[in-house]
$ cat coords_11.cif   # mmCIF, C-alpha atoms and all ligand atoms
data_final
#
loop_
_atom_site.group_PDB
_atom_site.id
_atom_site.type_symbol
_atom_site.label_atom_id
_atom_site.label_comp_id
_atom_site.auth_asym_id
_atom_site.auth_seq_id
_atom_site.Cartn_x
_atom_site.Cartn_y
_atom_site.Cartn_z
ATOM 1 C CA MET A 27 12.278 24.595 58.738
ATOM 2 C CA GLU A 28 12.504 21.367 60.670
ATOM 3 C CA PRO A 29 10.611 18.796 58.686
ATOM 4 C CA GLN A 30 11.405 15.773 60.887
ATOM 5 C CA SER A 31 10.064 17.267 64.073
ATOM 6 C CA ALA A 32 7.157 19.142 62.544
ATOM 7 C CA GLY A 33 3.593 18.167 63.255
ATOM 8 C CA ARG A 34 1.414 15.990 61.086
ATOM 9 C CA SER A 35 1.229 18.444 58.149
ATOM 10 C CA GLY A 36 5.010 19.125 58.303
ATOM 11 C CA LEU A 37 5.746 15.434 58.106
ATOM 12 C CA SER A 38 3.452 15.096 55.125
ATOM 13 C CA THR A 39 5.307 17.969 53.308
ATOM 14 C CA TYR A 40 8.576 16.215 53.964
ATOM 15 C CA THR A 41 7.170 12.925 52.673
ATOM 16 C CA LYS A 42 5.879 14.576 49.495
ATOM 17 C CA SER A 43 9.222 16.099 48.545
ATOM 18 C CA GLN A 44 10.967 12.903 49.544
ATOM 19 C CA GLY A 45 8.519 11.045 47.319
ATOM 20 C CA PHE A 46 9.253 13.415 44.446
ATOM 21 C CA TYR A 47 13.018 12.878 44.689
ATOM 22 C CA LEU A 48 12.570 9.148 45.115
ATOM 23 C CA GLY A 49 10.302 9.026 42.049
ATOM 24 C CA PHE A 50 12.764 11.102 40.055
ATOM 25 C CA PHE A 51 15.767 8.990 40.965
ATOM 26 C CA ILE A 52 13.913 5.782 40.140
ATOM 27 C CA SER A 53 12.275 6.885 36.897
ATOM 28 C CA ALA A 54 15.162 8.939 35.430
ATOM 29 C CA PRO A 55 17.519 5.950 34.999
ATOM 30 C CA ILE A 56 14.646 3.887 33.557
ATOM 31 C CA PHE A 57 13.824 6.658 31.081
ATOM 32 C CA LEU A 58 17.468 7.222 30.130
ATOM 33 C CA HIS A 59 18.085 3.503 29.820
ATOM 34 C CA SER A 60 15.128 2.958 27.493
ATOM 35 C CA TYR A 61 16.001 6.086 25.449
ATOM 36 C CA PHE A 62 19.603 4.992 24.845
ATOM 37 C CA ALA A 63 18.586 1.341 24.404
ATOM 38 C CA LYS A 64 16.140 2.389 21.674
ATOM 39 C CA ARG A 65 18.793 4.462 19.934
ATOM 40 C CA TYR A 66 21.209 1.556 20.181
ATOM 41 C CA LEU A 67 18.657 -0.906 18.807
ATOM 42 C CA ASP A 68 17.743 1.523 16.026
ATOM 43 C CA ASN A 69 21.434 1.639 15.242
ATOM 44 C CA ASP A 70 21.192 5.375 15.625
ATOM 45 C CA TRP A 71 23.883 5.515 18.244
ATOM 46 C CA GLU A 72 26.177 7.941 16.565
ATOM 47 C CA SER A 73 23.297 10.089 15.295
ATOM 48 C CA PRO A 74 25.352 11.345 12.345
ATOM 49 C CA MET A 75 24.501 14.648 10.768
ATOM 50 C CA TYR A 76 24.719 13.848 7.098
ATOM 51 C CA THR A 77 24.943 16.462 4.381
ATOM 52 C CA LEU A 78 23.292 15.476 1.115
ATOM 53 C CA HIS A 79 24.217 17.465 -1.983
ATOM 54 C CA ILE A 80 21.482 17.402 -4.590
ATOM 55 C CA ALA A 81 20.371 19.347 -7.670
ATOM 56 C CA ASN A 82 17.017 20.928 -8.587
ATOM 57 C CA LYS A 83 14.171 18.887 -7.176
ATOM 58 C CA ASN A 84 12.168 19.372 -10.354
ATOM 59 C CA TYR A 85 14.693 17.575 -12.554
ATOM 60 C CA SER A 86 17.129 15.540 -10.489
ATOM 61 C CA SER A 87 15.893 11.968 -10.448
ATOM 62 C CA TRP A 88 19.153 10.561 -9.062
ATOM 63 C CA SER A 89 19.070 13.056 -6.181
ATOM 64 C CA LEU A 90 15.562 11.989 -5.218
ATOM 65 C CA ARG A 91 16.542 8.424 -4.297
ATOM 66 C CA PRO A 92 18.839 8.984 -1.281
ATOM 67 C CA TRP A 93 16.905 12.098 -0.307
ATOM 68 C CA LEU A 94 13.727 10.013 -0.045
ATOM 69 C CA VAL A 95 15.478 7.309 1.973
ATOM 70 C CA LEU A 96 16.696 9.920 4.471
ATOM 71 C CA ALA A 97 13.405 11.814 4.580
ATOM 72 C CA ALA A 98 11.084 8.790 4.738
ATOM 73 C CA PHE A 99 13.050 7.195 7.571
ATOM 74 C CA ASP A 100 13.379 10.485 9.461
ATOM 75 C CA ILE A 101 17.167 10.236 9.430
ATOM 76 C CA PRO A 102 18.519 13.703 10.300
ATOM 77 C CA PHE A 103 20.359 15.371 7.430
ATOM 78 C CA THR A 104 21.173 18.723 5.937
ATOM 79 C CA GLU A 105 20.286 19.217 2.295
ATOM 80 C CA LYS A 106 22.370 21.402 0.003
ATOM 81 C CA ILE A 107 20.795 22.210 -3.339
ATOM 82 C CA HIS A 108 23.077 23.089 -6.242
ATOM 83 C CA PRO A 109 20.904 24.106 -9.198
ATOM 84 C CA PHE A 110 22.162 22.814 -12.560
ATOM 85 C CA PRO A 111 24.211 25.561 -14.165
ATOM 86 C CA GLU A 112 23.507 26.226 -17.844
ATOM 87 C CA ASN A 113 27.009 25.464 -19.061
ATOM 88 C CA GLY A 114 27.774 22.146 -17.399
ATOM 89 C CA ALA A 115 27.966 21.147 -13.778
ATOM 90 C CA TRP A 116 31.469 19.707 -13.709
ATOM 91 C CA ASP A 117 33.394 22.672 -12.251
ATOM 92 C CA LEU A 118 30.684 23.573 -9.760
ATOM 93 C CA TYR A 119 29.968 20.036 -8.564
ATOM 94 C CA ARG A 120 33.626 19.027 -8.393
ATOM 95 C CA ALA A 121 33.937 21.331 -5.383
ATOM 96 C CA PHE A 122 32.106 18.734 -3.274
ATOM 97 C CA SER A 123 31.670 15.603 -5.412
ATOM 98 C CA PRO A 124 34.600 13.550 -6.813
ATOM 99 C CA ASN A 125 32.739 12.594 -10.017
ATOM 100 C CA GLY A 126 31.239 16.055 -10.524
ATOM 101 C CA LYS A 127 27.713 14.698 -10.109
ATOM 102 C CA VAL A 128 24.920 14.699 -7.587
ATOM 103 C CA PRO A 129 23.807 13.153 -5.340
ATOM 104 C CA CYS A 130 26.798 13.161 -3.032
ATOM 105 C CA LEU A 131 26.695 12.415 0.686
ATOM 106 C CA GLN A 132 29.113 13.786 3.251
ATOM 107 C CA ASP A 133 29.389 12.156 6.654
ATOM 108 C CA GLY A 134 32.240 13.868 8.487
ATOM 109 C CA ASP A 135 35.378 13.064 6.487
ATOM 110 C CA CYS A 136 33.617 10.402 4.496
ATOM 111 C CA VAL A 137 32.336 11.338 1.028
ATOM 112 C CA ILE A 138 30.057 8.942 -0.842
ATOM 113 C CA TRP A 139 28.981 9.616 -4.401
ATOM 114 C CA ASP A 140 26.475 7.725 -6.568
ATOM 115 C CA SER A 141 22.936 7.117 -5.357
ATOM 116 C CA LEU A 142 23.330 3.341 -4.962
ATOM 117 C CA ALA A 143 26.539 3.664 -2.931
ATOM 118 C CA ILE A 144 24.872 6.297 -0.737
ATOM 119 C CA VAL A 145 21.855 4.097 -0.043
ATOM 120 C CA GLU A 146 24.118 1.146 0.818
ATOM 121 C CA TYR A 147 26.188 3.385 3.111
ATOM 122 C CA LEU A 148 23.051 4.549 4.893
ATOM 123 C CA ALA A 149 21.837 0.947 5.207
ATOM 124 C CA GLU A 150 24.980 0.040 7.156
ATOM 125 C CA GLN A 151 23.947 2.420 9.922
ATOM 126 C CA HIS A 152 20.190 2.208 9.469
ATOM 127 C CA PRO A 153 19.302 -1.411 8.628
ATOM 128 C CA GLN A 154 15.631 -0.535 8.166
ATOM 129 C CA VAL A 155 16.637 0.945 4.772
ATOM 130 C CA TRP A 156 16.406 -2.522 3.154
ATOM 131 C CA PRO A 157 13.660 -5.072 3.971
ATOM 132 C CA SER A 158 14.411 -7.262 6.991
ATOM 133 C CA ASP A 159 13.298 -10.465 5.232
ATOM 134 C CA LYS A 160 16.233 -12.080 3.406
ATOM 135 C CA ALA A 161 14.269 -13.063 0.280
ATOM 136 C CA ALA A 162 12.599 -9.651 0.055
ATOM 137 C CA ARG A 163 15.975 -7.962 0.546
ATOM 138 C CA ALA A 164 17.586 -10.016 -2.231
ATOM 139 C CA TRP A 165 14.706 -9.226 -4.587
ATOM 140 C CA ALA A 166 14.775 -5.534 -3.664
ATOM 141 C CA ARG A 167 18.533 -5.279 -4.214
ATOM 142 C CA SER A 168 18.265 -7.016 -7.620
ATOM 143 C CA ALA A 169 15.455 -4.708 -8.715
ATOM 144 C CA ALA A 170 17.340 -1.622 -7.470
ATOM 145 C CA ALA A 171 20.463 -2.697 -9.373
ATOM 146 C CA GLU A 172 18.363 -3.264 -12.512
ATOM 147 C CA MET A 173 16.864 0.218 -12.186
ATOM 148 C CA HIS A 174 20.252 1.744 -11.456
ATOM 149 C CA SER A 175 21.925 0.348 -14.555
ATOM 150 C CA GLY A 176 19.090 0.116 -17.049
ATOM 151 C CA PHE A 177 15.949 1.645 -18.520
ATOM 152 C CA GLN A 178 17.895 3.921 -20.825
ATOM 153 C CA ALA A 179 14.936 4.523 -23.168
ATOM 154 C CA LEU A 180 12.788 5.734 -20.280
ATOM 155 C CA ARG A 181 15.562 8.058 -19.093
ATOM 156 C CA ASN A 182 16.191 9.413 -22.605
ATOM 157 C CA ASN A 183 12.567 9.830 -23.675
ATOM 158 C CA CYS A 184 10.926 10.862 -20.429
ATOM 159 C CA GLY A 185 13.274 13.077 -18.451
ATOM 160 C CA MET A 186 12.034 13.823 -14.937
ATOM 161 C CA SER A 187 10.289 17.170 -14.628
ATOM 162 C CA CYS A 188 7.926 16.947 -11.672
ATOM 163 C CA GLY A 189 6.017 20.138 -12.434
ATOM 164 C CA VAL A 190 4.999 19.656 -16.060
ATOM 165 C CA ARG A 191 2.413 17.510 -17.803
ATOM 166 C CA ILE A 192 3.178 16.136 -21.259
ATOM 167 C CA GLU A 193 1.173 14.080 -23.732
ATOM 168 C CA LEU A 194 3.809 11.915 -25.405
ATOM 169 C CA HIS A 195 3.988 12.125 -29.233
ATOM 170 C CA SER A 196 4.602 8.394 -29.384
ATOM 171 C CA ILE A 197 5.926 5.450 -27.455
ATOM 172 C CA SER A 198 8.868 3.871 -29.240
ATOM 173 C CA PRO A 199 9.372 0.076 -29.033
ATOM 174 C CA ALA A 200 12.402 0.661 -26.786
ATOM 175 C CA LEU A 201 10.365 2.828 -24.396
ATOM 176 C CA GLN A 202 7.508 0.308 -24.415
ATOM 177 C CA LYS A 203 9.983 -2.453 -23.557
ATOM 178 C CA ASP A 204 11.190 -0.468 -20.524
ATOM 179 C CA LEU A 205 7.647 0.301 -19.391
ATOM 180 C CA THR A 206 6.574 -3.335 -19.741
ATOM 181 C CA ARG A 207 9.550 -4.522 -17.708
ATOM 182 C CA ILE A 208 8.945 -1.931 -14.953
ATOM 183 C CA ASP A 209 5.271 -2.892 -14.816
ATOM 184 C CA GLU A 210 6.250 -6.561 -14.571
ATOM 185 C CA LEU A 211 8.760 -5.830 -11.786
ATOM 186 C CA TRP A 212 6.306 -3.747 -9.784
ATOM 187 C CA CYS A 213 3.498 -6.318 -10.089
ATOM 188 C CA GLU A 214 5.887 -9.103 -9.148
ATOM 189 C CA GLY A 215 7.036 -7.290 -5.998
ATOM 190 C CA LEU A 216 3.503 -6.336 -4.982
ATOM 191 C CA GLN A 217 2.233 -9.907 -5.437
ATOM 192 C CA LYS A 218 5.214 -11.657 -3.904
ATOM 193 C CA PHE A 219 5.461 -9.516 -0.772
ATOM 194 C CA GLY A 220 1.855 -8.362 -0.403
ATOM 195 C CA GLY A 221 2.245 -4.595 -0.948
ATOM 196 C CA PRO A 222 1.445 -1.774 -0.699
ATOM 197 C CA PHE A 223 5.195 -1.149 -1.139
ATOM 198 C CA LEU A 224 7.359 -3.211 -3.483
ATOM 199 C CA ALA A 225 8.989 -5.369 -0.831
ATOM 200 C CA GLY A 226 5.994 -5.577 1.490
ATOM 201 C CA GLU A 227 4.168 -3.550 4.058
ATOM 202 C CA LYS A 228 6.925 -1.044 4.702
ATOM 203 C CA PHE A 229 8.636 1.499 2.499
ATOM 204 C CA SER A 230 12.236 0.504 1.746
ATOM 205 C CA ALA A 231 15.109 1.536 -0.518
ATOM 206 C CA ILE A 232 13.655 -0.252 -3.534
ATOM 207 C CA ASP A 233 10.692 2.143 -3.471
ATOM 208 C CA ALA A 234 13.126 5.063 -3.417
ATOM 209 C CA PHE A 235 14.816 3.698 -6.541
ATOM 210 C CA PHE A 236 11.496 3.716 -8.397
ATOM 211 C CA ALA A 237 10.230 7.013 -6.952
ATOM 212 C CA PRO A 238 11.447 9.015 -9.986
ATOM 213 C CA VAL A 239 9.397 6.669 -12.215
ATOM 214 C CA ALA A 240 6.279 7.593 -10.220
ATOM 215 C CA PHE A 241 6.926 11.282 -11.039
ATOM 216 C CA ARG A 242 7.512 10.363 -14.696
ATOM 217 C CA ALA A 243 4.248 8.378 -14.727
ATOM 218 C CA GLN A 244 2.468 11.508 -13.495
ATOM 219 C CA THR A 245 4.221 13.840 -15.948
ATOM 220 C CA TYR A 246 3.771 11.699 -19.063
ATOM 221 C CA GLN A 247 0.676 9.659 -18.091
ATOM 222 C CA LEU A 248 2.661 6.487 -18.774
ATOM 223 C CA PRO A 249 0.473 3.537 -19.800
ATOM 224 C CA PHE A 250 0.982 1.275 -16.797
ATOM 225 C CA SER A 251 -1.399 -1.450 -15.607
ATOM 226 C CA LYS A 252 -3.944 -0.691 -12.879
ATOM 227 C CA ALA A 253 -1.814 -2.349 -10.172
ATOM 228 C CA ALA A 254 1.303 -0.491 -11.287
ATOM 229 C CA ASN A 255 -0.574 2.818 -11.412
ATOM 230 C CA GLU A 256 -1.897 2.241 -7.905
ATOM 231 C CA TYR A 257 1.635 1.619 -6.703
ATOM 232 C CA ALA A 258 2.817 4.862 -8.342
ATOM 233 C CA GLN A 259 -0.023 6.650 -6.530
ATOM 234 C CA THR A 260 1.085 5.087 -3.223
ATOM 235 C CA LEU A 261 4.546 6.577 -3.753
ATOM 236 C CA LEU A 262 3.198 9.991 -4.770
ATOM 237 C CA ALA A 263 1.013 10.050 -1.633
ATOM 238 C CA MET A 264 3.931 9.569 0.772
ATOM 239 C CA PRO A 265 4.437 12.703 2.919
ATOM 240 C CA ALA A 266 8.122 12.880 1.949
ATOM 241 C CA MET A 267 7.268 12.616 -1.771
ATOM 242 C CA LYS A 268 4.725 15.393 -1.353
ATOM 243 C CA ARG A 269 7.366 17.573 0.308
ATOM 244 C CA TRP A 270 9.768 16.962 -2.597
ATOM 245 C CA TYR A 271 7.024 17.693 -5.140
ATOM 246 C CA GLU A 272 5.897 20.920 -3.444
ATOM 247 C CA ALA A 273 9.496 22.137 -3.243
ATOM 248 C CA ALA A 274 10.010 21.232 -6.934
ATOM 249 C CA LEU A 275 6.985 23.321 -7.943
ATOM 250 C CA LEU A 276 8.287 26.311 -6.000
ATOM 251 C CA GLU A 277 11.684 26.278 -7.688
ATOM 252 C CA THR A 278 12.299 29.122 -10.086
ATOM 253 C CA TRP A 279 15.562 27.733 -11.529
ATOM 254 C CA ARG A 280 15.264 26.483 -15.074
ATOM 255 C CA GLU A 281 17.642 24.310 -17.060
ATOM 256 C CA PRO A 282 16.865 25.140 -20.706
ATOM 257 C CA ALA A 283 18.448 21.991 -22.176
ATOM 258 C CA HIS A 284 16.521 19.746 -19.791
ATOM 259 C CA ASP A 285 13.266 21.653 -20.408
ATOM 260 C CA GLN A 286 13.771 21.391 -24.170
ATOM 261 C CA GLU A 287 14.242 17.627 -23.949
ATOM 262 C CA VAL A 288 11.020 17.289 -21.949
ATOM 263 C CA PHE A 289 9.018 19.583 -24.257
ATOM 264 C CA ASP A 290 10.329 17.723 -27.345
ATOM 265 C CA ALA A 291 8.886 14.463 -26.027
ATOM 266 C CA GLY A 292 5.274 15.522 -26.608
ATOM 267 C CA LYS A 293 2.617 18.169 -26.282
ATOM 268 C CA LEU A 294 2.824 20.420 -23.228
ATOM 269 C CA ILE A 295 -0.455 20.113 -21.324
ATOM 270 C CA ALA A 296 0.482 22.064 -18.205
ATOM 271 C CA ASP A 297 3.415 23.708 -16.499
ATOM 272 C CA LEU A 298 2.598 23.904 -12.808
ATOM 273 C CA ARG A 299 5.950 25.347 -11.768
ATOM 274 C CA ASN A 300 6.387 28.701 -10.108
HETATM 275 N N1 LIG A 401 24.865 7.006 -11.359
HETATM 276 C C1 LIG A 401 24.876 8.278 -10.712
HETATM 277 C C2 LIG A 401 24.307 9.306 -11.665
HETATM 278 C C3 LIG A 401 24.373 10.697 -11.132
HETATM 279 C C4 LIG A 401 23.962 11.721 -12.169
HETATM 280 O O1 LIG A 401 23.999 11.497 -13.390
HETATM 281 N N2 LIG A 401 23.572 12.902 -11.660
HETATM 282 C C5 LIG A 401 23.182 13.998 -12.504
HETATM 283 C C6 LIG A 401 22.023 14.764 -11.890
HETATM 284 S S1 LIG A 401 20.528 13.897 -11.807
HETATM 285 C C7 LIG A 401 24.301 15.010 -12.564
HETATM 286 O O2 LIG A 401 24.948 15.282 -11.579
HETATM 287 N N3 LIG A 401 24.517 15.592 -13.723
HETATM 288 C C8 LIG A 401 25.461 16.629 -13.869
HETATM 289 C C9 LIG A 401 26.362 16.383 -15.037
HETATM 290 O O3 LIG A 401 26.378 15.254 -15.547
HETATM 291 O O4 LIG A 401 27.040 17.316 -15.425
HETATM 292 C C10 LIG A 401 24.102 8.176 -9.394
HETATM 293 O O5 LIG A 401 23.342 7.229 -9.231
HETATM 294 O O6 LIG A 401 24.301 9.001 -8.494
#

$ encode --input "coords_11.cif" --output "structure tokens" --more "lines below"
Ligand SMILES: N[C@@H](CCC(=O)N[C@@H](CS)C(=O)NCC(=O)O)C(=O)O
Amino acid sequence: MEPQSAGRSGLSTYTKSQGFYLGFFISAPIFLHSYFAKRYLDNDWESPMYTLHIANKNYSSWSLRPWLVLAAFDIPFTEKIHPFPENGAWDLYRAFSPNGKVPCLQDGDCVIWDSLAIVEYLAEQHPQVWPSDKAARAWARSAAAEMHSGFQALRNNCGMSCGVRIELHSISPALQKDLTRIDELWCEGLQKFGGPFLAGEKFSAIDAFFAPVAFRAQTYQLPFSKAANEYAQTLLAMPAMKRWYEAALLETWREPAHDQEVFDAGKLIADLRN
């Protein structure tokens, strides 16, 4: 074929293929540049493949926090579920977690245990994890630290069990104090930053820290204010929260001690688990 010397139609064929190559060589660098620029700006450059070790989704409130951060921000990760063994988790969990607890994150040679440390580690590579506004970020970090180190009565009296519904026998003064403080915190965040999430328009790590409370509110019908209840509903409606919940319902593993604690708290209304 001699494109250059061909007649009118031959010349047009040559021009078309030339046009194709020209278009390709011009647009490919633009596409590649914007793709890598976006990844760079998203701080996703190294695209790490994290492994997150967690326990049963039905019970493990601490596991939910970093899992939700990863899932809600579409950060790629592999999840490894280690169901709670009946006779203590120490030996089993020590195989991958220095403190024998979950959650535990592995990023290559780096091992990070404790949900707060994991979320902070993720935030270093994915700044969208915390709010971008300085004041909102400071508030969110304070509230997350308060949740992380407090609310013992809520933890002791209302263990997380996503798939059951319980009518509490009673609400002790200590539990009421925790509920009142959580309600106050939630309303403060919603008012200060405009909602629908605690630190503003976008989901951030502070919402992940309170996500287990939203499941507890659903399980025990906790007496929160209207605004606080609406916020709990916002969390429960997140696609990632729905995925966690559906997986929790499908689990067939049971931890008798944990179940007993939950059933002792009140009257069992429903057990929606598999
Ligand atoms: N402060 C830790 C608490 C972790 C924790 O207590 N995890 C529970 C599961 S939700 C656990 O591994 N329990 C096993 C055990 O204590 O034997 C965190 O935030 O990660």

$ residues_near_ligand --input "coords_11.cif" --ligand "ligand LIG 401 (chain A)" --cutoff "7 Å" --atoms "all atoms listed in the file" --output "VMD selection string"
chain A and resid 81 85 to 89 114 to 116 126 to 129 139 to 142 174

$ resolve_selection --input "coords_11.cif" --expression "the PyMOL selection byres (((chain A and resi 176-184) around 10) and not hetatm)" --output "MDAnalysis selection string"
chainID A and resid 87 170:175 185:187 192 194 196:205 207:208 239 242:243 245:246 248 287:292

$ resolve_selection --input "coords_11.cif" --expression "the PyMOL selection byres (((chain A and resi 257) around 10) and not hetatm)" --output "PyMOL selection string"
chain A and resi 209+212-213+216+221-224+233+240+251-256+258-263

$ write_last_selection --input "coords_11.cif" --atoms "C-alpha atoms" --output "short mmCIF file (atom, residue, chain, number, x, y, z; two decimals), keeping the file's coordinate frame"
data_model
loop_
_atom_site.label_atom_id
_atom_site.label_comp_id
_atom_site.auth_asym_id
_atom_site.auth_seq_id
_atom_site.Cartn_x
_atom_site.Cartn_y
_atom_site.Cartn_z
CA ASP A 209 5.27 -2.89 -14.82
CA TRP A 212 6.31 -3.75 -9.78
CA CYS A 213 3.50 -6.32 -10.09
CA LEU A 216 3.50 -6.34 -4.98
CA GLY A 221 2.24 -4.60 -0.95
CA PRO A 222 1.44 -1.77 -0.70
CA PHE A 223 5.20 -1.15 -1.14
CA LEU A 224 7.36 -3.21 -3.48
CA ASP A 233 10.69 2.14 -3.47
CA ALA A 240 6.28 7.59 -10.22
CA SER A 251 -1.40 -1.45 -15.61
CA LYS A 252 -3.94 -0.69 -12.88
CA ALA A 253 -1.81 -2.35 -10.17
CA ALA A 254 1.30 -0.49 -11.29
CA ASN A 255 -0.57 2.82 -11.41
CA GLU A 256 -1.90 2.24 -7.90
CA ALA A 258 2.82 4.86 -8.34
CA GLN A 259 -0.02 6.65 -6.53
CA THR A 260 1.08 5.09 -3.22
CA LEU A 261 4.55 6.58 -3.75
CA LEU A 262 3.20 9.99 -4.77
CA ALA A 263 1.01 10.05 -1.63
#

$ resolve_selection --input "coords_11.cif" --expression "the PyMOL selection byres (((chain A and resi 82) around 8) and not hetatm)" --output "VMD selection string"
chain A and resid 80 to 81 83 to 86 107 to 110 274 277 279

$ closest_residue --input "coords_11.cif" --among "A:Glu150, A:Glu214, A:Glu281, A:Asp100" --to "Ala162 (chain A)" --atoms "all atoms listed in the file"
A:Glu214

$ closest_atom_pairs --input "coords_11.cif" --of "region 143-173 of chain A" --to "region 92-96 of chain A" --cutoff "9 Å" --atoms "only C-alpha atoms" --output "Markdown table"
| residue | atom | partner | partner_atom | distance |
| --- | --- | --- | --- | --- |
| A:Ile144 | CA | A:Pro92 | CA | 6.6 |
| A:Val145 | CA | A:Pro92 | CA | 5.9 |
| A:Leu148 | CA | A:Leu96 | CA | 8.3 |
| A:Val155 | CA | A:Val95 | CA | 7.0 |

$ decode --input "coords_11.cif" --residues "region 86-100 of chain A" --atoms "N, CA and C atoms" --output "PDB file, in the first residue's frame"
ATOM      1  N   SER A  86     -17.757  -6.928  67.518  1.00  0.00           N
ATOM      2  CA  SER A  86     -16.505  -6.198  67.728  1.00  0.00           C
ATOM      3  C   SER A  86     -16.587  -4.707  67.407  1.00  0.00           C
ATOM      4  N   SER A  87     -16.925  -3.954  68.440  1.00  0.00           N
ATOM      5  CA  SER A  87     -17.104  -2.504  68.266  1.00  0.00           C
ATOM      6  C   SER A  87     -15.781  -1.814  67.914  1.00  0.00           C
ATOM      7  N   TRP A  88     -14.684  -2.272  68.543  1.00  0.00           N
ATOM      8  CA  TRP A  88     -13.397  -1.617  68.256  1.00  0.00           C
ATOM      9  C   TRP A  88     -12.974  -1.880  66.818  1.00  0.00           C
ATOM     10  N   SER A  89     -13.297  -3.075  66.307  1.00  0.00           N
ATOM     11  CA  SER A  89     -12.921  -3.407  64.924  1.00  0.00           C
ATOM     12  C   SER A  89     -13.649  -2.528  63.924  1.00  0.00           C
ATOM     13  N   LEU A  90     -14.890  -2.178  64.271  1.00  0.00           N
ATOM     14  CA  LEU A  90     -15.723  -1.411  63.331  1.00  0.00           C
ATOM     15  C   LEU A  90     -15.102  -0.067  62.950  1.00  0.00           C
ATOM     16  N   ARG A  91     -14.448   0.580  63.932  1.00  0.00           N
ATOM     17  CA  ARG A  91     -13.967   1.953  63.672  1.00  0.00           C
ATOM     18  C   ARG A  91     -13.006   2.049  62.481  1.00  0.00           C
ATOM     19  N   PRO A  92     -11.837   1.375  62.540  1.00  0.00           N
ATOM     20  CA  PRO A  92     -10.931   1.503  61.378  1.00  0.00           C
ATOM     21  C   PRO A  92     -11.496   0.870  60.124  1.00  0.00           C
ATOM     22  N   TRP A  93     -12.285  -0.191  60.309  1.00  0.00           N
ATOM     23  CA  TRP A  93     -12.895  -0.840  59.134  1.00  0.00           C
ATOM     24  C   TRP A  93     -13.770   0.170  58.396  1.00  0.00           C
ATOM     25  N   LEU A  94     -14.549   0.948  59.168  1.00  0.00           N
ATOM     26  CA  LEU A  94     -15.462   1.912  58.544  1.00  0.00           C
ATOM     27  C   LEU A  94     -14.683   3.041  57.864  1.00  0.00           C
ATOM     28  N   VAL A  95     -13.599   3.462  58.489  1.00  0.00           N
ATOM     29  CA  VAL A  95     -12.763   4.501  57.863  1.00  0.00           C
ATOM     30  C   VAL A  95     -12.265   3.997  56.505  1.00  0.00           C
ATOM     31  N   LEU A  96     -11.723   2.783  56.483  1.00  0.00           N
ATOM     32  CA  LEU A  96     -11.213   2.232  55.218  1.00  0.00           C
ATOM     33  C   LEU A  96     -12.339   2.061  54.199  1.00  0.00           C
ATOM     34  N   ALA A  97     -13.441   1.490  54.648  1.00  0.00           N
ATOM     35  CA  ALA A  97     -14.538   1.185  53.711  1.00  0.00           C
ATOM     36  C   ALA A  97     -15.212   2.463  53.210  1.00  0.00           C
ATOM     37  N   ALA A  98     -15.464   3.418  54.106  1.00  0.00           N
ATOM     38  CA  ALA A  98     -16.195   4.621  53.699  1.00  0.00           C
ATOM     39  C   ALA A  98     -15.372   5.493  52.762  1.00  0.00           C
ATOM     40  N   PHE A  99     -14.046   5.456  52.922  1.00  0.00           N
ATOM     41  CA  PHE A  99     -13.200   6.265  52.037  1.00  0.00           C
ATOM     42  C   PHE A  99     -12.684   5.466  50.836  1.00  0.00           C
ATOM     43  N   ASP A 100     -13.198   4.262  50.674  1.00  0.00           N
ATOM     44  CA  ASP A 100     -12.780   3.428  49.532  1.00  0.00           C
ATOM     45  C   ASP A 100     -11.271   3.236  49.483  1.00  0.00           C
TER      46      ASP A 100
END
